[in-house]
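A.B. asks: See input-v4.cif below, with mmCIF, C-alpha atoms.
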data_start
loop_
_atom_site.label_atom_id
_atom_site.label_comp_id
_atom_site.auth_asym_id
_atom_site.auth_seq_id
_atom_site.Cartn_x
_atom_site.Cartn_y
_atom_site.Cartn_z
CA MET A 1 28.58 -32.02 55.87
CA SER A 2 31.54 -31.40 58.18
CA LEU A 3 31.22 -30.47 61.86
CA PHE A 4 32.99 -27.20 61.09
CA SER A 5 30.31 -26.27 58.52
CA ILE A 6 27.50 -27.07 60.95
CA LYS A 7 29.05 -24.80 63.62
CA ARG A 8 29.29 -21.97 61.09
CA ILE A 9 25.60 -22.34 60.18
CA LYS A 10 24.55 -22.35 63.84
CA ARG A 11 26.65 -19.28 64.59
CA ALA A 12 25.23 -17.33 61.63
CA ALA A 13 21.65 -18.31 62.55
CA ALA A 14 22.17 -17.32 66.21
CA GLU A 15 23.47 -13.88 65.24
CA PHE A 16 20.52 -13.31 62.92
CA VAL A 17 17.83 -14.51 65.34
CA GLY A 18 19.43 -12.71 68.29
CA GLY A 19 18.85 -9.38 66.60
CA GLY A 20 22.42 -8.22 67.08
CA THR A 21 23.81 -5.28 65.22
CA LYS A 22 26.15 -7.54 63.32
CA GLN A 23 24.34 -9.01 60.33
CA PRO A 24 25.40 -12.48 59.15
CA ASP A 25 27.66 -12.57 56.11
CA TRP A 26 25.66 -14.67 53.66
CA SER A 27 28.67 -14.90 51.34
CA GLN A 28 30.32 -17.07 53.99
CA LEU A 29 27.63 -19.74 53.98
CA PRO A 30 29.10 -23.22 53.40
CA PHE A 31 29.39 -24.44 49.84
CA GLU A 32 27.18 -27.49 50.55
CA VAL A 33 24.36 -25.31 51.90
CA LEU A 34 24.45 -22.92 48.95
CA LEU A 35 24.53 -25.85 46.55
CA HIS A 36 21.43 -27.35 48.14
CA VAL A 37 19.50 -24.06 48.25
CA PHE A 38 20.31 -23.04 44.68
CA ARG A 39 18.80 -26.25 43.31
CA TYR A 40 15.35 -24.86 44.21
CA LEU A 41 15.75 -21.50 42.48
CA SER A 42 14.28 -20.61 39.12
CA ASN A 43 16.65 -20.05 36.23
CA ARG A 44 16.19 -16.32 36.46
CA ASP A 45 17.02 -16.32 40.19
CA LYS A 46 20.02 -18.58 39.62
CA VAL A 47 21.44 -16.13 37.11
CA HIS A 48 20.92 -13.17 39.45
CA ALA A 49 22.46 -15.11 42.35
CA ALA A 50 25.50 -15.98 40.24
CA LEU A 51 26.12 -12.27 39.65
CA THR A 52 26.07 -11.48 43.37
CA CYS A 53 29.56 -12.59 44.42
CA LYS A 54 32.27 -15.14 43.66
CA SER A 55 31.33 -17.39 46.59
CA TRP A 56 27.82 -17.74 45.15
CA LEU A 57 29.06 -18.17 41.60
CA ARG A 58 31.11 -21.22 42.57
CA PRO A 59 28.17 -23.50 43.55
CA LEU A 60 26.14 -22.16 40.62
CA SER A 61 28.89 -23.38 38.31
CA VAL A 62 28.33 -26.98 39.41
CA PRO A 63 26.64 -28.82 36.50
CA SER A 64 24.17 -30.70 38.72
CA VAL A 65 22.51 -27.41 39.71
CA TRP A 66 21.50 -26.95 36.09
CA GLU A 67 20.21 -30.44 35.32
CA THR A 68 16.67 -29.05 35.13
CA GLY A 69 15.93 -25.88 33.20
CA ASP A 70 12.58 -24.07 33.16
CA PHE A 71 12.33 -21.23 30.64
CA ASN A 72 9.61 -18.91 29.40
CA ILE A 73 10.19 -17.67 25.87
CA ASP A 74 8.03 -14.57 25.79
CA SER A 75 8.31 -10.81 25.86
CA GLU A 76 8.80 -10.82 29.63
CA SER A 77 11.45 -13.54 29.82
CA ASP A 78 14.85 -12.75 31.25
CA ASP A 79 17.38 -12.60 28.40
CA LYS A 80 20.21 -13.24 30.87
CA ALA A 81 18.90 -16.76 31.54
CA ILE A 82 18.92 -17.53 27.82
CA ARG A 83 22.44 -16.15 27.40
CA PHE A 84 23.56 -18.14 30.43
CA MET A 85 22.77 -21.27 28.38
CA LYS A 86 26.21 -20.86 26.83
CA LYS A 87 27.75 -21.85 30.16
CA VAL A 88 25.25 -24.39 31.49
CA GLY A 89 23.62 -25.77 28.34
CA ARG A 90 25.73 -28.89 28.36
CA SER A 91 24.63 -29.77 31.91
CA LEU A 92 20.90 -29.71 31.19
CA ARG A 93 19.07 -33.04 31.27
CA HIS A 94 15.48 -31.85 31.65
CA ILE A 95 14.30 -28.79 29.69
CA ARG A 96 10.91 -27.11 29.74
CA ALA A 97 10.55 -24.05 27.54
CA ASP A 98 7.09 -22.57 27.12
CA CYS A 99 6.62 -20.17 24.21
CA ARG A 100 3.76 -17.77 24.76
CA ALA A 101 3.88 -14.64 22.67
CA GLY A 102 1.66 -12.03 24.30
CA GLU A 103 -1.41 -10.74 22.53
CA TYR A 104 0.27 -7.41 21.79
CA ASP A 105 3.84 -8.59 21.30
CA VAL A 106 3.83 -7.73 17.62
CA TRP A 107 3.09 -4.09 18.48
CA ALA A 108 5.74 -3.85 21.18
CA ASN A 109 8.92 -1.81 20.99
CA ARG A 110 10.52 -2.75 17.67
CA SER A 111 13.99 -2.30 19.15
CA ARG A 112 13.46 -5.27 21.47
CA ALA A 113 14.11 -8.79 20.31
CA SER A 114 10.98 -10.63 19.25
CA CYS A 115 9.90 -13.85 20.93
CA THR A 116 10.86 -15.73 17.78
CA ASP A 117 14.38 -14.29 18.01
CA LYS A 118 14.60 -15.31 21.65
CA LEU A 119 13.59 -18.86 20.85
CA TYR A 120 16.11 -18.98 18.02
CA GLN A 121 18.87 -17.74 20.36
CA PHE A 122 17.80 -20.25 22.99
CA LEU A 123 18.09 -23.14 20.51
CA ALA A 124 21.35 -21.79 19.08
CA ASN A 125 22.96 -21.66 22.53
CA LEU A 126 21.71 -25.16 23.26
CA LEU A 127 23.09 -26.44 19.97
CA ASN A 128 26.46 -24.74 20.52
CA SER A 129 26.73 -26.28 24.00
CA ARG A 130 26.96 -29.70 22.29
CA ASN A 131 24.59 -31.26 24.77
CA HIS A 132 23.68 -34.69 23.39
CA GLN A 133 22.29 -36.10 26.63
CA ILE A 134 18.94 -34.38 27.12
CA TRP A 135 16.41 -36.76 28.66
CA THR A 136 13.29 -34.59 28.79
CA PHE A 137 12.68 -31.89 26.18
CA ARG A 138 9.42 -29.95 26.41
CA LEU A 139 9.26 -27.10 23.91
CA THR A 140 5.58 -26.19 23.92
CA ASN A 141 3.35 -23.62 22.21
CA ILE A 142 5.91 -22.81 19.54
CA CYS A 143 3.12 -21.98 17.12
CA SER A 144 2.03 -19.00 19.19
CA LEU A 145 5.21 -17.29 17.96
CA GLU A 146 4.51 -17.77 14.26
CA ASN A 147 2.92 -14.35 13.73
CA ASP A 148 5.52 -12.73 15.96
CA GLY A 149 8.05 -12.83 13.16
CA ILE A 150 6.58 -9.87 11.24
CA ARG A 151 9.11 -7.49 12.72
CA ALA A 152 11.89 -6.29 10.52
CA LYS A 153 14.97 -8.52 10.57
CA SER A 154 13.21 -11.00 12.85
CA ARG A 155 13.90 -14.71 12.49
CA SER A 156 11.29 -16.58 10.51
CA PHE A 157 9.28 -19.47 11.90
CA SER A 158 10.85 -21.73 9.29
CA GLU A 159 14.36 -20.87 10.52
CA VAL A 160 13.35 -21.84 14.05
CA ALA A 161 12.04 -25.18 12.75
CA GLN A 162 15.33 -25.91 10.98
CA LEU A 163 17.38 -25.13 14.07
CA LEU A 164 15.10 -27.23 16.27
CA ALA A 165 15.56 -30.18 13.92
CA LYS A 166 19.34 -29.90 14.35
CA VAL A 167 18.99 -29.91 18.15
CA LEU A 168 16.81 -33.04 18.04
CA TYR A 169 19.12 -34.75 15.57
CA ASP A 170 22.04 -34.44 18.01
CA GLN A 171 20.24 -36.11 20.91
CA GLN A 172 21.18 -39.62 22.06
CA GLN A 173 19.04 -40.31 25.15
CA LEU A 174 15.65 -38.62 24.75
CA ARG A 175 12.96 -40.16 26.95
CA VAL A 176 10.30 -37.45 26.67
CA LEU A 177 9.66 -35.17 23.69
CA ASP A 178 6.83 -32.64 23.93
CA LEU A 179 6.26 -30.36 20.94
CA SER A 180 2.56 -29.81 21.53
CA ASN A 181 0.61 -26.59 21.23
CA SER A 182 -2.21 -25.56 23.54
CA GLN A 183 -5.67 -24.84 22.25
CA LYS A 184 -5.30 -21.26 23.51
CA SER A 185 -2.35 -20.58 21.20
CA VAL A 186 -4.24 -22.17 18.31
CA LYS A 187 -7.37 -20.18 19.02
CA HIS A 188 -5.73 -16.76 19.26
CA ARG A 189 -3.28 -17.22 16.42
CA GLY A 190 -5.43 -19.16 13.99
CA TYR A 191 -4.80 -22.83 13.29
CA ALA A 192 -1.09 -22.34 13.02
CA GLY A 193 1.60 -24.95 13.19
CA PHE A 194 4.48 -26.44 11.32
CA THR A 195 3.90 -27.55 7.78
CA VAL A 196 3.60 -31.30 7.29
CA HIS A 197 7.12 -31.34 5.81
CA GLU A 198 8.56 -29.48 8.82
CA GLY A 199 6.70 -31.70 11.26
CA MET A 200 8.00 -34.88 9.63
CA LYS A 201 11.51 -33.46 9.61
CA LEU A 202 11.36 -32.87 13.37
CA LEU A 203 10.06 -36.37 14.09
CA ASN A 204 12.62 -38.00 11.81
CA ALA A 205 15.40 -35.99 13.44
CA ALA A 206 14.35 -37.19 16.89
CA SER A 207 14.05 -40.80 15.75
CA LYS A 208 17.51 -40.81 14.18
CA ASN A 209 19.27 -41.67 17.45
CA CYS A 210 16.40 -41.99 19.94
CA ALA A 211 14.14 -44.55 18.31
CA ASN A 212 14.86 -47.01 21.12
CA THR A 213 14.96 -44.55 24.04
CA LEU A 214 11.89 -42.31 23.61
CA ARG A 215 9.04 -43.22 25.95
CA LYS A 216 6.65 -40.28 25.63
CA LEU A 217 5.81 -38.29 22.49
CA ALA A 218 3.40 -35.32 22.62
CA ILE A 219 2.62 -33.78 19.23
CA SER A 220 -0.92 -32.47 19.54
CA ARG A 221 -1.49 -29.58 17.11
CA LEU A 222 2.08 -29.92 15.90
CA VAL A 223 1.37 -29.67 12.18
CA ARG A 224 -1.05 -27.49 10.27
CA LEU A 225 -4.10 -29.33 8.94
CA ILE A 226 -5.15 -27.76 5.67
CA ASP A 227 -8.54 -29.43 5.34
CA ILE A 228 -11.03 -29.99 8.13
CA TYR A 229 -11.54 -33.63 7.18
CA PRO A 230 -10.07 -35.75 5.77
CA ASN A 231 -6.64 -34.20 6.18
CA ASP A 232 -3.47 -34.57 4.21
CA LEU A 233 -1.79 -36.72 6.87
CA SER A 234 -3.93 -39.68 5.82
CA PHE A 235 -1.90 -39.87 2.64
CA LEU A 236 1.56 -39.49 4.12
CA PRO A 237 3.15 -42.83 5.07
CA GLN A 238 6.30 -40.92 6.11
CA PHE A 239 4.38 -39.36 9.00
CA ARG A 240 3.09 -42.72 10.18
CA SER A 241 6.50 -44.34 9.95
CA ALA A 242 8.07 -41.44 11.85
CA ILE A 243 5.75 -42.02 14.82
CA ALA A 244 5.87 -45.80 14.62
CA GLY A 245 9.66 -45.60 14.41
CA PHE A 246 9.83 -45.10 18.18
CA SER A 247 9.75 -48.77 19.10
CA LYS A 248 9.73 -48.26 22.89
CA LEU A 249 6.97 -45.66 22.96
CA SER A 250 4.63 -45.97 25.95
CA ASP A 251 2.76 -42.64 25.86
CA LEU A 252 1.48 -40.90 22.72
CA ASP A 253 -0.35 -37.55 22.82
CA LEU A 254 -1.72 -36.33 19.49
CA SER A 255 -4.54 -34.49 17.74
CA TYR A 256 -7.65 -36.31 16.58
CA GLY A 257 -6.93 -35.30 13.01
CA TYR A 258 -3.76 -37.44 13.03
CA LEU A 259 -5.62 -40.66 13.89
CA GLU A 260 -6.19 -43.16 11.11
CA ASP A 261 -6.19 -46.92 10.63
CA ASP A 262 -2.76 -47.07 9.01
CA LEU A 263 -1.18 -45.31 11.99
CA LEU A 264 -2.78 -47.77 14.44
CA LEU A 265 -1.70 -50.74 12.34
CA SER A 266 1.85 -49.38 12.08
CA LEU A 267 2.02 -49.03 15.85
CA ALA A 268 0.68 -52.58 16.28
CA ARG A 269 3.51 -53.89 14.11
CA THR A 270 6.36 -51.95 15.70
CA THR A 271 5.67 -51.63 19.43
CA THR A 272 4.32 -53.70 22.30
CA SER A 273 5.00 -51.14 25.05
CA LEU A 274 2.31 -48.56 24.22
CA LYS A 275 0.18 -47.90 27.31
CA VAL A 276 -1.54 -44.53 26.81
CA ILE A 277 -2.89 -42.71 23.78
CA THR A 278 -4.23 -39.23 24.53
CA VAL A 279 -6.37 -37.73 21.78
CA ARG A 280 -7.19 -34.02 21.67
CA VAL A 281 -10.16 -32.89 19.59
CA ASP A 282 -10.20 -29.32 18.28
CA LYS A 283 -13.02 -29.49 15.76
CA PRO A 284 -16.32 -31.37 15.94
CA PRO A 285 -16.30 -34.15 13.32
CA TYR A 286 -18.97 -34.24 10.65
CA PHE A 287 -17.98 -37.61 9.21
CA GLU A 288 -17.36 -41.10 10.53
CA SER A 289 -14.08 -41.73 12.32
CA SER A 290 -11.05 -42.60 10.21
CA THR A 291 -10.32 -45.52 12.55
CA THR A 292 -12.18 -48.82 12.58
CA PRO A 293 -12.86 -51.36 15.34
CA THR A 294 -10.57 -53.86 13.60
CA ALA A 295 -7.56 -51.52 13.75
CA TRP A 296 -8.14 -50.87 17.44
CA GLU A 297 -8.50 -54.60 18.12
CA ASN A 298 -5.17 -55.27 16.42
CA LEU A 299 -3.43 -52.55 18.42
CA THR A 300 -4.98 -53.71 21.70
CA ALA A 301 -3.87 -57.28 20.98
CA ALA A 302 -0.29 -56.04 20.47
CA CYS A 303 -0.44 -53.69 23.48
CA PRO A 304 -2.77 -55.31 26.04
CA GLU A 305 -2.19 -52.58 28.66
CA LEU A 306 -3.27 -49.78 26.33
CA ILE A 307 -5.81 -47.19 27.46
CA VAL A 308 -7.22 -44.27 25.44
CA ILE A 309 -8.06 -40.81 26.81
CA PHE A 310 -10.11 -38.26 24.85
CA PHE A 311 -10.09 -34.49 25.50
CA ILE A 312 -12.88 -32.99 23.43
CA LYS A 313 -12.82 -29.21 23.37
CA PRO A 314 -13.75 -27.81 19.95
CA ILE A 315 -12.41 -24.38 19.06
CA THR A 316 -15.75 -23.49 17.49
CA GLU A 317 -18.95 -24.79 19.07
CA SER A 318 -21.54 -26.58 16.98
CA TYR A 319 -25.15 -27.43 17.68
CA PHE A 320 -24.70 -30.65 15.73
CA GLN A 321 -21.41 -31.86 17.22
CA ASP A 322 -21.67 -35.62 17.62
CA THR A 323 -18.94 -37.18 19.74
CA THR A 324 -20.03 -40.72 18.87
CA LEU A 325 -18.53 -40.23 15.42
CA MET A 326 -14.99 -40.18 16.83
CA LEU A 327 -15.29 -42.67 19.71
CA THR A 328 -14.83 -45.88 17.76
CA PRO A 329 -16.17 -49.08 19.35
CA SER A 330 -13.44 -51.55 20.39
CA MET A 331 -10.99 -48.82 21.40
CA PRO A 332 -9.92 -49.28 25.04
CA LEU A 333 -11.54 -46.01 26.10
CA TYR A 334 -10.56 -45.17 29.66
CA GLN A 335 -11.51 -41.50 30.11
CA VAL A 336 -13.48 -38.82 28.27
CA LYS A 337 -13.39 -35.11 29.03
CA TRP A 338 -15.93 -33.26 26.92
CA LYS A 339 -16.41 -29.50 27.03
CA ALA A 340 -19.65 -29.29 25.09
CA GLY A 341 -20.11 -25.53 25.55
CA SER A 342 -23.41 -23.69 25.17
CA VAL A 343 -24.29 -24.67 21.60
CA ILE A 344 -25.16 -28.34 21.62
CA ALA A 345 -28.34 -30.33 21.10
CA ILE A 346 -29.53 -32.17 24.21
CA GLU A 347 -30.23 -35.13 21.93
CA ASN A 348 -26.51 -35.39 21.18
CA ILE A 349 -25.65 -35.35 24.89
CA GLU A 350 -28.08 -38.23 25.45
CA LYS A 351 -26.63 -40.00 22.41
CA PHE A 352 -23.14 -39.64 23.88
CA PHE A 353 -24.09 -41.44 27.10
CA GLN A 354 -25.93 -44.15 25.23
CA HIS A 355 -22.82 -44.72 23.16
CA MET A 356 -20.72 -44.99 26.33
CA GLY A 357 -23.00 -47.59 27.90
CA GLN A 358 -23.26 -49.68 24.76
CA ASN A 359 -19.63 -49.81 23.62
CA PHE A 360 -17.23 -49.20 26.54
CA GLN A 361 -18.68 -51.16 29.41
CA GLU A 362 -15.44 -52.99 30.18
CA THR A 363 -12.94 -50.12 29.88
CA LEU A 364 -14.54 -46.75 30.72
CA GLN A 365 -13.61 -45.42 34.17
CA HIS A 366 -13.92 -41.61 34.07
CA ILE A 367 -16.35 -39.18 32.42
CA ASP A 368 -16.17 -35.39 32.65
CA LEU A 369 -18.91 -33.35 30.98
CA GLN A 370 -18.99 -29.56 30.96
CA THR A 371 -21.86 -27.74 29.30
CA ASP A 372 -23.85 -24.52 29.61
CA VAL A 373 -26.95 -26.12 28.13
CA GLY A 374 -29.76 -26.62 30.64
CA LEU A 375 -30.40 -30.33 31.21
CA ASP A 376 -33.91 -31.40 32.16
CA LYS A 377 -34.82 -34.32 34.42
CA GLU A 378 -35.52 -36.57 31.44
CA CYS A 379 -32.00 -36.04 30.12
CA ILE A 380 -30.42 -36.74 33.52
CA ASP A 381 -32.56 -39.84 33.88
CA ALA A 382 -31.51 -41.12 30.45
CA MET A 383 -27.88 -40.36 31.29
CA PHE A 384 -27.85 -42.55 34.40
CA LYS A 385 -29.80 -45.37 32.75
CA SER A 386 -27.32 -45.48 29.89
CA LEU A 387 -24.31 -45.71 32.22
CA GLN A 388 -25.59 -48.58 34.37
CA PRO A 389 -23.86 -51.25 32.23
CA CYS A 390 -20.48 -49.50 32.81
CA THR A 391 -19.53 -51.52 35.89
CA TYR A 392 -15.94 -50.22 35.93
CA LEU A 393 -16.95 -46.54 35.92
CA ASP A 394 -15.18 -44.81 38.80
CA THR A 395 -16.13 -41.11 38.49
CA LEU A 396 -18.84 -39.10 36.77
CA SER A 397 -18.07 -35.37 36.94
CA LEU A 398 -20.69 -32.91 35.72
CA TYR A 399 -20.03 -29.18 35.33
CA LEU A 400 -23.35 -27.52 34.54
CA ASP A 401 -24.23 -23.86 34.16
CA CYS A 402 -25.66 -22.67 37.48
CA ASP A 403 -26.12 -18.90 37.58
CA LEU A 404 -28.08 -19.08 40.81
CA SER A 405 -27.82 -21.29 43.87
CA ASP A 406 -31.38 -22.43 43.15
CA ASP A 407 -30.19 -23.84 39.81
CA GLU A 408 -27.51 -25.92 41.48
CA GLU A 409 -29.96 -27.13 44.12
CA MET A 410 -32.38 -28.12 41.37
CA TYR A 411 -29.72 -30.17 39.58
CA THR A 412 -28.56 -31.75 42.84
CA THR A 413 -32.10 -32.79 43.73
CA ALA A 414 -32.69 -34.20 40.26
CA ILE A 415 -29.45 -36.21 40.34
CA ARG A 416 -30.18 -37.60 43.80
CA ASP A 417 -33.65 -38.62 42.70
CA VAL A 418 -32.29 -40.43 39.65
CA MET A 419 -29.55 -42.11 41.69
CA THR A 420 -32.15 -43.75 43.92
CA ARG A 421 -33.85 -45.29 40.89
CA CYS A 422 -30.78 -45.85 38.71
CA PRO A 423 -27.85 -46.25 41.09
CA LEU A 424 -24.33 -46.13 39.74
CA SER A 425 -21.32 -47.70 41.43
CA CYS A 426 -19.21 -44.58 40.84
CA ASP A 427 -18.64 -41.25 42.58
CA VAL A 428 -20.82 -38.46 41.17
CA THR A 429 -19.84 -34.80 41.46
CA LEU A 430 -21.68 -31.64 40.37
CA ASN A 431 -19.49 -28.58 39.83
CA GLY A 432 -16.80 -30.15 42.00
CA GLN A 433 -19.09 -31.10 44.91
CA ALA A 434 -19.90 -34.73 45.70
CA VAL A 435 -23.53 -35.74 45.26
CA LYS A 436 -24.62 -38.51 47.62
#
Show me this structure written as structure tokens.
C.D. replies:
Amino acid sequence: MSLFSIKRIKRAAAEFVGGGTKQPDWSQLPFEVLLHVFRYLSNRDKVHAALTCKSWLRPLSVPSVWETGDFNIDSESDDKAIRFMKKVGRSLRHIRADCRAGEYDVWANRSRASCTDKLYQFLANLLNSRNHQIWTFRLTNICSLENDGIRAKSRSFSEVAQLLAKVLYDQQQLRVLDLSNSQKSVKHRGYAGFTVHEGMKLLNAASKNCANTLRKLAISRLVRLIDIYPNDLSFLPQFRSAIAGFSKLSDLDLSYGYLEDDLLLSLARTTTSLKVITVRVDKPPYFESSTTPTAWENLTAACPELIVIFFIKPITESYFQDTTLMLTPSMPLYQVKWKAGSVIAIENIEKFFQHMGQNFQETLQHIDLQTDVGLDKECIDAMFKSLQPCTYLDTLSLYLDCDLSDDEEMYTTAIRDVMTRCPLSCDVTLNGQAVK
């Protein structure tokens, strides 16, 4: 920054702080200062700032200001930011667009554009900008918009999928692709999602030019599972090859229903860089896992740094949910977060911890259990005894239902008592508070 620019900043600041009658002329701020400040603004604020005056429009026309774009595709989003994509779309390198149709969007003013239309326009502007150099593309919770398309003349969900495939097909340098859907959008809209054909088309489009560049792929709840178990994906080699086609993949985030032996074996044959597999469970399994210890051993041999993280949060609670059915021995299980809810047999909670201590002694480092079921001292005692073989366990986080302070004190006392008899080498927390 030049000495002249620094003097101008000091003079403007002195006039403002001195409380003089003459207000500083913010339009005269140096270009370098405006450029630096505008990098921290949201897209909506950038658009509004660009409409203020010509001196502010000039730094906002610099491509580097728009390398990162953060958009919300919902009924409250600013349409100006989406339209502004026509000018800055080619400069974007990192895009995050979250699609969250409100609960009452379908009953809103019919004259307004639906969320599905906004997403379609967003993708159309991005496609027309001819941006082939996106590095990070996070387009999440698309499925929450599926029912939003009931308005007259609104774009269909299928049309959005086709346009998205064209955007992905044009990319040359994708490092991160996130097309996941949150459990909240699934819960409130039904188990929505792309059809298997649409999902495969999106993955194949992304792998066309980015098979050797993509590092992270998040596709949890991407496609619609027709049957609870087994699902149709087990019979679709195209789906497996689409995922395994990303030869440099290091981070894979997917739904439990997509896991199967053939997928693990395909990954073992095509990649050696896989480091993290995150599995999200929506429905409690009633059958044995579709993966075997042998498949996990083959994948671990090919990817020795691999760790597996499980997020277990069923949409519908079940008294009989048995997590041991999905946690296959020989997988390099690193962390488990289980929201067991209020409908679960204590016997299955005890069985879970026994399974941890017997099969994941060398890999397990973090356990998070959240439940509203009252645990007695016998259950807590069995829990700690089961985990003693897990010498690498670093944290045990328990979130238990405590309506009264006396309940929490009771649990704390019980845990401390067990810890003296069955000490663990890890940090133990109860409802976020350390227990020592």
A.B. asks: So that I can see what lies close to Thr323 in chain A, please list as a ChimeraX atom specification the residues with an atom at most 9 Å from it, counting all atoms listed in the file and leaving out residues fewer than 3 positions away in the same chain.
C.D. replies: /A:284-285,312,326-327,338,348-349,351-352
A.B. asks: Just say which residues the PyMOL selection byres ((chain A and resi 172-176) around 12) picks in this file, as a PyMOL selection string.
C.D. replies: chain A and resi 93-96+130-139+167-171+177-179+205-219+246+248-253
A.B. asks: Would you be able to write out as a PyMOL selection string which residues have an atom within 8 Å of (-18.1, -42.6, 42.3) in the file's coordinates, counting all atoms listed in the file?
C.D. replies: chain A and resi 393-396+424-428
A.B. asks: Go through the shown structure with the PyMOL selection byres ((chain A and resi 399) around 9) and write out the matching residues as a PyMOL selection string.
C.D. replies: chain A and resi 368-372+397-398+400-402+429-432
A.B. asks: Could you check how far CA of Met200 in chain A sits from CA of Ala244 in chain A, in Å to one decimal?
C.D. replies: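 So the answer is 12.2 Å.
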A.B. asks: Separation of CA of Ile82 in chain A and CA of Ser182 in chain A, in Å?
C.D. replies: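 These two atoms are separated by 23.0 Å.
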A.B. asks: Could you jot down the CA of Leu126 in chain A to CA of Arg221 in chain A separation for me, Å, one decimal place?
C.D. replies: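 Calculated distance between CA of Leu126 in chain A and CA of Arg221 in chain A is 24.4 Å.
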A.B. asks: Under the rule that all atoms listed in the file are counted, which of A:Glu347, A:Glu297, A:Asp376, A:Glu198 is the nearest residue to Ala268 in chain A?
C.D. replies: A:Glu297
A.B. asks: If we count only C-alpha atoms and set the cut-off at 7 Å, which residues sit around Met383 in chain A, ignoring sequence neighbours fewer than 3 positions away in its own chain? Please answer as a list in words.
C.D. replies: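 Counting only C-alpha atoms, the residues come to Glu350, Phe353, Cys379, Ile380, Ser386 and Leu387 of chain A.
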A.B. asks: Quick one: which residues end up in the PyMOL selection byres ((chain A and resi 199) around 10) for this structure, as number ranges by chain?
C.D. replies: A: 161, 165, 179, 193-198, 200-205, 219, 222-224, 239, 242
A.B. asks: Got a sec: who's within 9 Å of range 417-422 of chain A, counting all atoms listed in the file, leaving out chain neighbours fewer than 2 positions off, as a tab-separated table (two decimals) with C-alpha atoms, in the coordinates of the input?
C.D. replies:
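The file below, result31.tsv, is the result:
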chain	number	residue	atom	x	y	z
A	377	LYS	CA	-34.82	-34.32	34.42
A	380	ILE	CA	-30.42	-36.74	33.52
A	381	ASP	CA	-32.56	-39.84	33.88
A	384	PHE	CA	-27.85	-42.55	34.40
A	385	LYS	CA	-29.80	-45.37	32.75
A	388	GLN	CA	-25.59	-48.58	34.37
A	412	THR	CA	-28.56	-31.75	42.84
A	413	THR	CA	-32.10	-32.79	43.73
A	414	ALA	CA	-32.69	-34.20	40.26
A	415	ILE	CA	-29.45	-36.21	40.34
A	424	LEU	CA	-24.33	-46.13	39.74
A	436	LYS	CA	-24.62	-38.51	47.62
A.B. asks: For Phe31 in chain A, which of A:Val62, A:Ile367, A:Ser266, A:His48 is the closest residue, counting all atoms listed in the file?
C.D. replies: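 The closest residue to Phe31 in chain A is A:Val62.
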A.B. asks: Show me the residues around (-12.8, -47.1, 19.3) - criterion: an atom at most 10 Å away, only C-alpha atoms counted - as number ranges by chain.
C.D. replies: A: 289, 291-297, 308, 324-333, 359-360
